[in-house]
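Shown here: coords.cif, mmCIF, C-alpha atoms.
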data_my_file
#
loop_
_atom_site.label_atom_id
_atom_site.label_comp_id
_atom_site.auth_asym_id
_atom_site.auth_seq_id
_atom_site.Cartn_x
_atom_site.Cartn_y
_atom_site.Cartn_z
CA MET H 333 0.00 0.00 0.00
CA PRO H 334 2.52 2.63 -1.06
CA ALA H 335 1.97 6.29 -0.37
CA SER H 336 0.86 8.39 -3.30
CA SER H 337 3.36 10.77 -4.85
CA GLN H 338 0.58 13.30 -5.36
CA ALA H 339 -1.50 14.88 -2.60
CA GLY H 340 -4.62 14.70 -4.75
CA GLN H 341 -4.62 10.94 -5.17
CA PRO H 342 -5.96 8.15 -2.95
CA ILE H 343 -3.31 6.58 -0.72
CA ALA H 344 -4.49 3.00 -0.46
CA LYS H 345 -4.20 0.97 -3.64
CA GLY H 346 -6.49 -1.92 -4.44
CA GLU H 347 -9.74 -2.56 -2.62
CA ARG H 348 -12.22 0.31 -2.50
CA LEU H 349 -14.32 -0.42 0.58
CA PHE H 350 -17.84 0.88 1.13
CA LEU H 351 -18.86 0.31 4.75
CA ALA H 352 -21.81 1.27 6.95
CA ASN H 353 -21.91 1.98 10.66
CA TYR H 354 -24.03 -0.54 12.59
CA PHE H 355 -25.71 -0.36 16.02
CA PRO H 356 -26.39 -3.70 17.76
CA TRP H 357 -28.22 -2.61 20.93
CA TYR H 358 -31.94 -2.19 20.22
CA ASP H 359 -34.70 -3.87 22.21
CA ALA H 360 -37.66 -5.46 20.44
CA ASP H 361 -40.09 -3.58 22.71
CA GLY H 362 -38.23 -0.26 22.62
CA TRP H 363 -39.31 1.23 19.32
CA ASP H 364 -41.62 3.75 20.97
CA GLY H 365 -38.69 5.31 22.84
CA CYS H 366 -38.79 9.06 23.36
CA ASN H 367 -35.33 9.45 21.77
CA LEU H 368 -36.14 7.79 18.42
CA CYS H 369 -37.04 9.77 15.32
CA ASP H 370 -38.41 6.93 13.16
CA GLN H 371 -39.00 3.17 13.22
CA PRO H 372 -37.76 0.31 11.06
CA GLN H 373 -40.21 -1.19 8.63
CA GLN H 374 -39.81 -4.45 10.51
CA ALA H 375 -39.29 -4.10 14.27
CA TYR H 376 -36.54 -6.23 15.79
CA GLY H 377 -34.36 -6.88 18.76
CA SER H 378 -30.65 -6.60 18.04
CA ASP H 379 -30.02 -9.95 19.77
CA ASP H 380 -32.15 -11.85 17.24
CA PRO H 381 -29.93 -13.78 14.78
CA ALA H 382 -32.69 -13.62 12.16
CA ALA H 383 -32.71 -9.80 12.37
CA ILE H 384 -28.93 -9.67 12.03
CA ARG H 385 -29.08 -12.01 9.06
CA ARG H 386 -31.74 -9.81 7.47
CA HIS H 387 -29.53 -6.75 7.92
CA VAL H 388 -26.59 -8.54 6.34
CA GLN H 389 -28.73 -9.53 3.37
CA GLN H 390 -30.12 -6.01 2.99
CA ALA H 391 -26.58 -4.66 2.99
CA LEU H 392 -25.45 -7.25 0.46
CA ASP H 393 -28.40 -6.37 -1.74
CA VAL H 394 -27.09 -2.81 -2.10
CA GLU H 395 -23.49 -4.06 -2.49
CA LEU H 396 -22.06 -2.82 0.80
CA ASP H 397 -18.82 -4.53 1.79
CA GLY H 398 -19.46 -4.73 5.53
CA PHE H 399 -20.48 -3.10 8.78
CA THR H 400 -18.49 -1.30 11.45
CA SER H 401 -20.35 -2.47 14.54
CA GLN H 402 -20.34 -0.48 17.78
CA TRP H 403 -18.46 -2.46 20.44
CA LEU H 404 -18.28 -1.63 24.13
CA ALA H 405 -16.80 -4.49 26.12
CA THR H 406 -15.90 -8.16 26.28
CA GLY H 407 -18.91 -10.35 26.99
CA ASP H 408 -21.53 -7.63 26.83
CA ARG H 409 -24.40 -7.32 24.38
CA THR H 410 -22.37 -5.58 21.70
CA ASP H 411 -19.74 -8.31 21.87
CA ASP H 412 -22.28 -11.13 21.66
CA ASN H 413 -24.04 -9.47 18.76
CA PHE H 414 -20.80 -8.82 16.90
CA ALA H 415 -19.99 -12.53 17.15
CA GLN H 416 -23.46 -13.22 15.78
CA LEU H 417 -22.91 -10.70 12.98
CA LEU H 418 -19.84 -12.60 11.83
CA GLU H 419 -21.69 -15.92 12.02
CA GLN H 420 -24.71 -14.62 10.13
CA SER H 421 -22.32 -13.39 7.41
CA ARG H 422 -20.61 -16.75 7.06
CA GLY H 423 -20.58 -18.04 3.49
CA THR H 424 -20.89 -14.53 2.06
CA GLY H 425 -18.33 -11.90 1.10
CA PHE H 426 -19.67 -9.55 3.78
CA ARG H 427 -16.87 -8.56 6.20
CA SER H 428 -17.34 -6.51 9.33
CA THR H 429 -15.29 -5.02 12.12
CA ILE H 430 -15.88 -3.18 15.36
CA VAL H 431 -15.89 0.47 16.35
CA PHE H 432 -13.87 0.17 19.55
CA SER H 433 -15.40 2.18 22.41
CA ARG H 434 -14.17 0.42 25.56
CA HIS H 435 -12.23 3.50 26.67
CA MET H 436 -15.46 5.50 26.89
CA LEU H 437 -16.97 3.39 29.68
CA PRO H 438 -16.44 4.49 33.31
CA ASP H 439 -15.24 1.03 34.37
CA GLY H 440 -12.88 0.79 31.42
CA HIS H 441 -10.89 3.91 32.08
CA SER H 442 -7.44 2.38 32.35
CA GLN H 443 -4.89 1.57 29.71
CA ALA H 444 -4.55 -1.98 31.01
CA THR H 445 -8.27 -2.55 30.50
CA ILE H 446 -8.07 -1.21 26.96
CA VAL H 447 -5.07 -3.41 26.14
CA GLU H 448 -6.91 -6.44 27.48
CA ALA H 449 -10.03 -5.67 25.44
CA LEU H 450 -8.10 -5.14 22.21
CA ARG H 451 -6.13 -8.35 22.69
CA TYR H 452 -9.43 -10.13 23.15
CA VAL H 453 -10.80 -8.67 19.90
CA MET H 454 -7.70 -9.66 17.95
CA THR H 455 -7.53 -13.17 19.42
CA THR H 456 -11.25 -13.89 19.21
CA TYR H 457 -12.26 -12.33 15.92
CA ALA H 458 -9.40 -11.27 13.65
CA SER H 459 -8.99 -14.71 12.06
CA HIS H 460 -12.70 -15.13 11.27
CA ALA H 461 -13.34 -15.33 7.53
CA ASN H 462 -15.92 -12.53 7.80
CA PHE H 463 -13.84 -10.15 9.90
CA LEU H 464 -12.77 -7.17 7.83
CA ASN H 465 -9.20 -7.31 6.62
CA VAL H 466 -7.29 -5.61 3.84
CA HIS H 467 -4.30 -7.31 2.26
CA GLY H 468 -4.26 -9.72 5.20
CA GLN H 469 -4.36 -6.95 7.83
CA PRO H 470 -7.33 -6.94 10.23
CA VAL H 471 -9.07 -3.56 10.42
CA ILE H 472 -10.35 -1.91 13.62
CA PHE H 473 -12.15 1.43 13.85
CA PHE H 474 -11.88 3.62 16.97
CA THR H 475 -14.12 6.44 18.14
CA ASP H 476 -13.49 9.41 20.46
CA VAL H 477 -9.79 8.67 20.62
CA TYR H 478 -9.10 11.79 22.69
CA ARG H 479 -11.08 10.23 25.57
CA VAL H 480 -8.41 7.59 26.23
CA PRO H 481 -7.03 7.52 29.81
CA VAL H 482 -3.62 9.12 30.05
CA GLN H 483 -0.84 8.63 32.56
CA ALA H 484 1.31 11.39 34.01
CA GLY H 485 2.98 13.40 31.27
CA GLN H 486 1.21 11.58 28.44
CA SER H 487 -0.83 13.05 25.62
CA PRO H 488 -3.71 10.98 24.22
CA GLN H 489 -1.42 10.17 21.28
CA ASP H 490 1.24 8.90 23.70
CA ALA H 491 -1.36 6.77 25.46
CA TRP H 492 -2.50 5.14 22.24
CA ASN H 493 1.09 4.56 21.18
CA SER H 494 1.71 2.73 24.46
CA ILE H 495 -1.47 0.69 24.00
CA ARG H 496 -0.65 -0.22 20.42
CA SER H 497 2.91 -1.17 21.30
CA GLN H 498 1.45 -3.76 23.67
CA VAL H 499 -1.39 -5.01 21.46
CA ASP H 500 0.02 -4.74 17.93
CA PRO H 501 3.76 -4.00 18.17
CA ASN H 502 4.50 -5.19 14.63
CA ARG H 503 1.63 -3.18 13.11
CA THR H 504 -0.03 -6.27 11.65
CA ALA H 505 -3.48 -4.63 11.82
CA LEU H 506 -4.96 -1.40 10.44
CA TRP H 507 -6.23 0.98 13.12
CA ILE H 508 -8.57 3.74 11.90
CA ALA H 509 -9.19 6.71 14.21
CA GLU H 510 -12.07 9.14 14.33
CA GLY H 511 -11.18 12.80 14.15
CA LEU H 512 -9.43 15.59 12.32
CA ASP H 513 -6.16 15.77 14.23
CA ALA H 514 -3.53 14.42 11.86
CA SER H 515 -1.06 13.97 14.72
CA TYR H 516 -2.92 10.77 15.61
CA LEU H 517 -1.59 9.33 12.34
CA ALA H 518 1.71 8.70 14.11
CA VAL H 519 -0.16 5.83 15.84
CA PHE H 520 -3.17 5.10 13.63
CA ASP H 521 -3.28 4.04 9.99
CA GLY H 522 -6.11 6.29 8.85
CA LEU H 523 -8.75 8.83 9.80
CA TYR H 524 -12.51 9.18 9.40
CA VAL H 525 -15.05 11.75 10.60
CA HIS H 526 -18.07 10.58 12.58
CA LYS H 527 -20.29 13.65 12.35
CA ILE H 528 -20.35 15.72 9.17
CA THR H 529 -23.21 18.10 10.01
CA HIS H 530 -23.42 20.22 13.17
CA ALA H 531 -25.70 22.89 14.56
CA ALA H 532 -23.04 25.53 13.95
CA TYR H 533 -21.87 23.99 10.65
CA PRO H 534 -24.78 22.20 8.99
CA ASN H 535 -22.77 21.73 5.78
CA ASP H 536 -19.54 20.61 7.44
CA TYR H 537 -19.43 17.67 5.00
CA ALA H 538 -18.30 20.12 2.32
CA LYS H 539 -14.85 20.13 3.97
CA SER H 540 -14.19 16.53 2.96
CA SER H 541 -11.41 17.36 0.50
CA ARG H 542 -9.73 19.58 3.10
CA TRP H 543 -9.83 16.74 5.63
CA ALA H 544 -8.44 14.33 3.03
CA SER H 545 -5.58 16.69 2.23
CA GLN H 546 -4.51 16.66 5.89
CA VAL H 547 -4.19 12.88 5.82
CA ARG H 548 -2.27 12.93 2.54
CA ALA H 549 0.01 15.74 3.66
CA TRP H 550 0.94 13.75 6.77
CA ALA H 551 1.59 10.65 4.65
CA GLN H 552 3.83 12.59 2.31
CA ARG H 553 5.81 14.22 5.11
CA SER H 554 6.34 10.94 6.92
CA GLY H 555 6.72 8.68 3.90
CA GLN H 556 4.20 6.33 5.54
CA PRO H 557 0.92 5.47 3.79
CA ARG H 558 -2.28 6.44 5.56
CA ILE H 559 -5.94 5.84 4.71
CA TRP H 560 -8.60 8.51 4.21
CA VAL H 561 -12.13 7.26 4.94
CA ALA H 562 -14.77 9.71 3.70
CA THR H 563 -18.13 9.85 5.49
CA ILE H 564 -21.56 10.18 3.93
CA SER H 565 -24.89 10.53 5.72
CA PRO H 566 -28.56 10.84 4.70
CA GLY H 567 -29.37 13.45 7.35
CA TRP H 568 -29.33 14.08 11.09
CA ASP H 569 -31.80 14.75 13.89
CA ASP H 570 -30.75 14.21 17.50
CA THR H 571 -33.17 16.77 18.94
CA ARG H 572 -34.94 13.99 20.90
CA ALA H 573 -31.79 12.37 22.24
CA GLY H 574 -31.69 14.29 25.51
CA CYS H 575 -34.65 12.42 26.97
CA GLN H 576 -32.41 9.42 27.81
CA PRO H 577 -28.77 9.13 28.95
CA ASP H 578 -26.16 7.86 26.49
CA LEU H 579 -22.40 7.70 25.99
CA ARG H 580 -22.12 10.66 23.64
CA VAL H 581 -20.36 13.87 24.58
CA PRO H 582 -23.13 16.50 24.97
CA THR H 583 -23.46 18.77 21.96
CA GLN H 584 -26.05 21.27 20.77
CA PRO H 585 -29.03 19.31 19.38
CA HIS H 586 -29.18 19.54 15.64
CA CYS H 587 -31.54 18.67 12.80
CA ARG H 588 -30.35 18.53 9.19
CA ASP H 589 -33.23 17.86 6.83
CA ARG H 590 -32.79 14.97 4.40
CA GLU H 591 -34.32 16.97 1.54
CA ASP H 592 -35.79 13.83 -0.02
CA GLY H 593 -32.31 12.38 -0.61
CA ALA H 594 -30.63 15.58 -1.78
CA PHE H 595 -28.51 15.87 1.36
CA TYR H 596 -27.32 12.26 1.01
CA ARG H 597 -26.40 12.93 -2.60
CA ALA H 598 -24.51 16.06 -1.62
CA THR H 599 -22.47 14.26 1.04
CA PHE H 600 -21.61 11.51 -1.43
CA ALA H 601 -20.56 14.00 -4.12
CA THR H 602 -18.17 15.79 -1.78
CA ALA H 603 -16.86 12.50 -0.41
CA LEU H 604 -16.17 11.27 -3.92
CA ALA H 605 -14.44 14.53 -4.80
CA SER H 606 -12.04 13.96 -1.89
CA LEU H 607 -10.80 10.79 -3.67
CA PRO H 608 -11.29 8.56 -0.65
CA ASP H 609 -9.63 5.23 -0.12
CA TRP H 610 -12.83 3.97 1.54
CA ILE H 611 -16.33 5.37 2.10
CA TRP H 612 -18.22 5.03 5.38
CA VAL H 613 -21.98 5.50 5.73
CA HIS H 614 -23.14 6.94 9.00
CA SER H 615 -25.31 5.03 9.45
CA PHE H 616 -27.11 1.82 8.67
CA ASN H 617 -29.35 2.00 11.75
CA GLU H 618 -28.63 4.89 14.13
CA TRP H 619 -32.20 5.74 15.12
CA VAL H 620 -31.33 8.22 17.87
CA GLU H 621 -29.37 10.52 15.56
CA CYS H 622 -31.77 9.79 12.70
CA SER H 623 -28.95 9.02 10.28
CA HIS H 624 -30.28 5.58 9.30
CA ILE H 625 -30.52 4.18 5.79
CA GLU H 626 -32.23 0.99 6.96
CA PRO H 627 -35.76 0.73 5.47
CA SER H 628 -38.08 2.70 7.72
CA ALA H 629 -41.65 3.79 8.26
CA ALA H 630 -40.86 7.36 7.21
CA TYR H 631 -38.59 6.78 4.21
CA GLY H 632 -39.18 3.26 2.92
CA ASP H 633 -36.13 1.90 1.13
CA LEU H 634 -35.19 5.17 -0.61
CA TYR H 635 -31.83 5.44 1.13
CA MET H 636 -30.93 1.83 0.50
CA GLN H 637 -31.53 2.34 -3.20
CA LEU H 638 -29.45 5.52 -3.20
CA THR H 639 -26.69 3.62 -1.40
CA ARG H 640 -26.60 0.99 -4.15
CA GLU H 641 -26.24 3.77 -6.71
CA PHE H 642 -23.37 5.32 -4.76
CA VAL H 643 -21.55 2.02 -4.24
CA GLN H 644 -21.68 1.26 -7.94
CA GLN H 645 -20.39 4.72 -8.82
CA PHE H 646 -17.55 4.46 -6.31
CA LYS H 647 -16.55 0.94 -7.35
CA ASN H 648 -16.72 1.67 -11.07
CA PRO H 649 -15.18 5.15 -11.54
#
Take the structure I supplied and represent it as structure tokens, if you would.
Amino acid sequence: MPASSQAGQPIAKGERLFLANYFPWYDADGWDGCNLCDQPQQAYGSDDPAAIRRHVQQALDVELDGFTSQWLATGDRTDDNFAQLLEQSRGTGFRSTIVFSRHMLPDGHSQATIVEALRYVMTTYASHANFLNVHGQPVIFFTDVYRVPVQAGQSPQDAWNSIRSQVDPNRTALWIAEGLDASYLAVFDGLYVHKITHAAYPNDYAKSSRWASQVRAWAQRSGQPRIWVATISPGWDDTRAGCQPDLRVPTQPHCRDREDGAFYRATFATALASLPDWIWVHSFNEWVECSHIEPSAAYGDLYMQLTREFVQQFKNP
């Protein structure tokens, strides 16, 4: 995966991945929750293997390559359901990974706990045929990397470097960090942006090429290849989210209208213009932030059909 010699070219050569963010923690009887903006066409509990299998098939039908599944801790619901996601994908080309979030939990706020959890993920899942890998390297996504516990005198980057030196000292995996701070690329192999529309910057997605250039500039300076993962989203509405506690850092509630698919198209166009190595949909089924593309009561399968169109355009430039 050699670094590009030109800042305007993708860094990673070969596979052009199109992934979607997946949330495995819904209750079958919770679809009338005060924090939800819409409902799936077919209600489900995230622990139901049949529901997971249906989601895999729906994703395959629109030619997605895999999910990035939210993962909190060893042995909890998100862990069990990730194992089930891999099993329900068996026999297909659908490959998924986790979005590592163990460092965000109050009882997980130590580097030793994070090291233990990441070793578990690598040992338990990385060799599964349906775990996402690129050129033989397992891929792991990370969120809110700045929230990692630090020891005296450490920066968050130092903390992650210490963690990675214990978990993956030979850099056999690909670690993808959320955020815009290119200094994290000294530890991580790529960057993506979770939220591309904000109350103060509703069209923040338009900065995609600027964000990509930061990744490529770092790769050129260092001589080390890094991956730019561009984010697309159909819309956003977390104005109901405050009625229940969650793990997110509090931000100003925000609603970005979907404009009957026009916003999704706009985010894809700017993502494509940034010449991404991979594209990441936020999200397949985030019903609290109302960024879902999963078929729903309000939107039918419009956003699934648009996703198929985008995947085909990205894979066949």
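Comparing the minimum interatomic distances between Val525 (chain H) and each of H:Gly365, H:Pro381, H:Pro488, H:Gly511, counting all atoms listed in the file, we find that H:Gly511 sits nearest.
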Margin query: List the spatial neighbours of Gln469 (chain H) as a VMD selection string - criterion: any atom at most 6 Å away, all atoms listed in the file, same-chain residues fewer than 4 positions off excluded.
Written below: chain H and resid 465 504 to 505
Next item on the list: Find the residues near Leu634 (chain H): any atom within 10 Å, counting only C-alpha atoms, skip ones fewer than 5 places away on the same chain, and give them as a PyMOL selection string.
Entry: chain H and resi 592-593+625-628+639
Next item on the list: Return as number ranges by chain the set of residues that the PyMOL selection byres ((chain H and resi 368-378) around 10) yields on the displayed structure.
Entry: H: 355-367, 379-384, 409-410, 413, 568-573, 575, 617-633
Checklist line | Residue members of the PyMOL selection byres ((chain H and resi 478) around 8) in the file shown, as a PyMOL selection string | finding: chain H and resi 476-477+479-480+488-489
Checklist line | Spatial neighbours of Trp543 (chain H), max dist 10 Å, only C-alpha atoms, sep filter under 6 positions, as number ranges by chain | finding: H: 511-514, 523-525, 537, 560-562, 606
Next item on the list: Could you please determine the separation between CA of Ala491 (chain H) and CA of Leu437 (chain H) in Å, to one decimal place?
Entry: 16.5 Å
Check: When you draw a straight line from CA of Gly522 (chain H) to CA of Gly468 (chain H), how long is it in Å?
Finding: 16.5 Å
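You will find CA of Val466 (chain H) at 25.2 Å from CA of Thr599 (chain H).
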Evaluate the PyMOL selection byres ((chain H and resi 457) around 12) on the structure here and hand back the selected residues as a short mmCIF file (atom, residue, chain, number, x, y, z; two decimals) with C-alpha atoms, in the frame of the given file.
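Output contents, as saved in out-v8.cif:
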data_model
loop_
_atom_site.label_atom_id
_atom_site.label_comp_id
_atom_site.auth_asym_id
_atom_site.auth_seq_id
_atom_site.Cartn_x
_atom_site.Cartn_y
_atom_site.Cartn_z
CA THR H 406 -15.90 -8.16 26.28
CA ASP H 411 -19.74 -8.31 21.87
CA ASP H 412 -22.28 -11.13 21.66
CA PHE H 414 -20.80 -8.82 16.90
CA ALA H 415 -19.99 -12.53 17.15
CA GLN H 416 -23.46 -13.22 15.78
CA LEU H 417 -22.91 -10.70 12.98
CA LEU H 418 -19.84 -12.60 11.83
CA GLU H 419 -21.69 -15.92 12.02
CA ARG H 427 -16.87 -8.56 6.20
CA SER H 428 -17.34 -6.51 9.33
CA THR H 429 -15.29 -5.02 12.12
CA ILE H 430 -15.88 -3.18 15.36
CA ALA H 449 -10.03 -5.67 25.44
CA LEU H 450 -8.10 -5.14 22.21
CA ARG H 451 -6.13 -8.35 22.69
CA TYR H 452 -9.43 -10.13 23.15
CA VAL H 453 -10.80 -8.67 19.90
CA MET H 454 -7.70 -9.66 17.95
CA THR H 455 -7.53 -13.17 19.42
CA THR H 456 -11.25 -13.89 19.21
CA ALA H 458 -9.40 -11.27 13.65
CA SER H 459 -8.99 -14.71 12.06
CA HIS H 460 -12.70 -15.13 11.27
CA ALA H 461 -13.34 -15.33 7.53
CA ASN H 462 -15.92 -12.53 7.80
CA PHE H 463 -13.84 -10.15 9.90
CA LEU H 464 -12.77 -7.17 7.83
CA ASN H 465 -9.20 -7.31 6.62
CA PRO H 470 -7.33 -6.94 10.23
CA VAL H 471 -9.07 -3.56 10.42
CA ILE H 472 -10.35 -1.91 13.62
#
Check: Restricting the calculation to all atoms listed in the file, which member of H:Ala484, H:Trp612, H:Gln644, H:Gln576 is positioned closest to Asp393 (chain H)?
Finding: H:Gln644
Notebook entry, point to check: Using all atoms listed in the file, which of the listed residues (H:Arg434, H:Arg548, H:Arg590, H:Arg385) sits closest to Thr529 (chain H)?
Noted result: H:Arg590
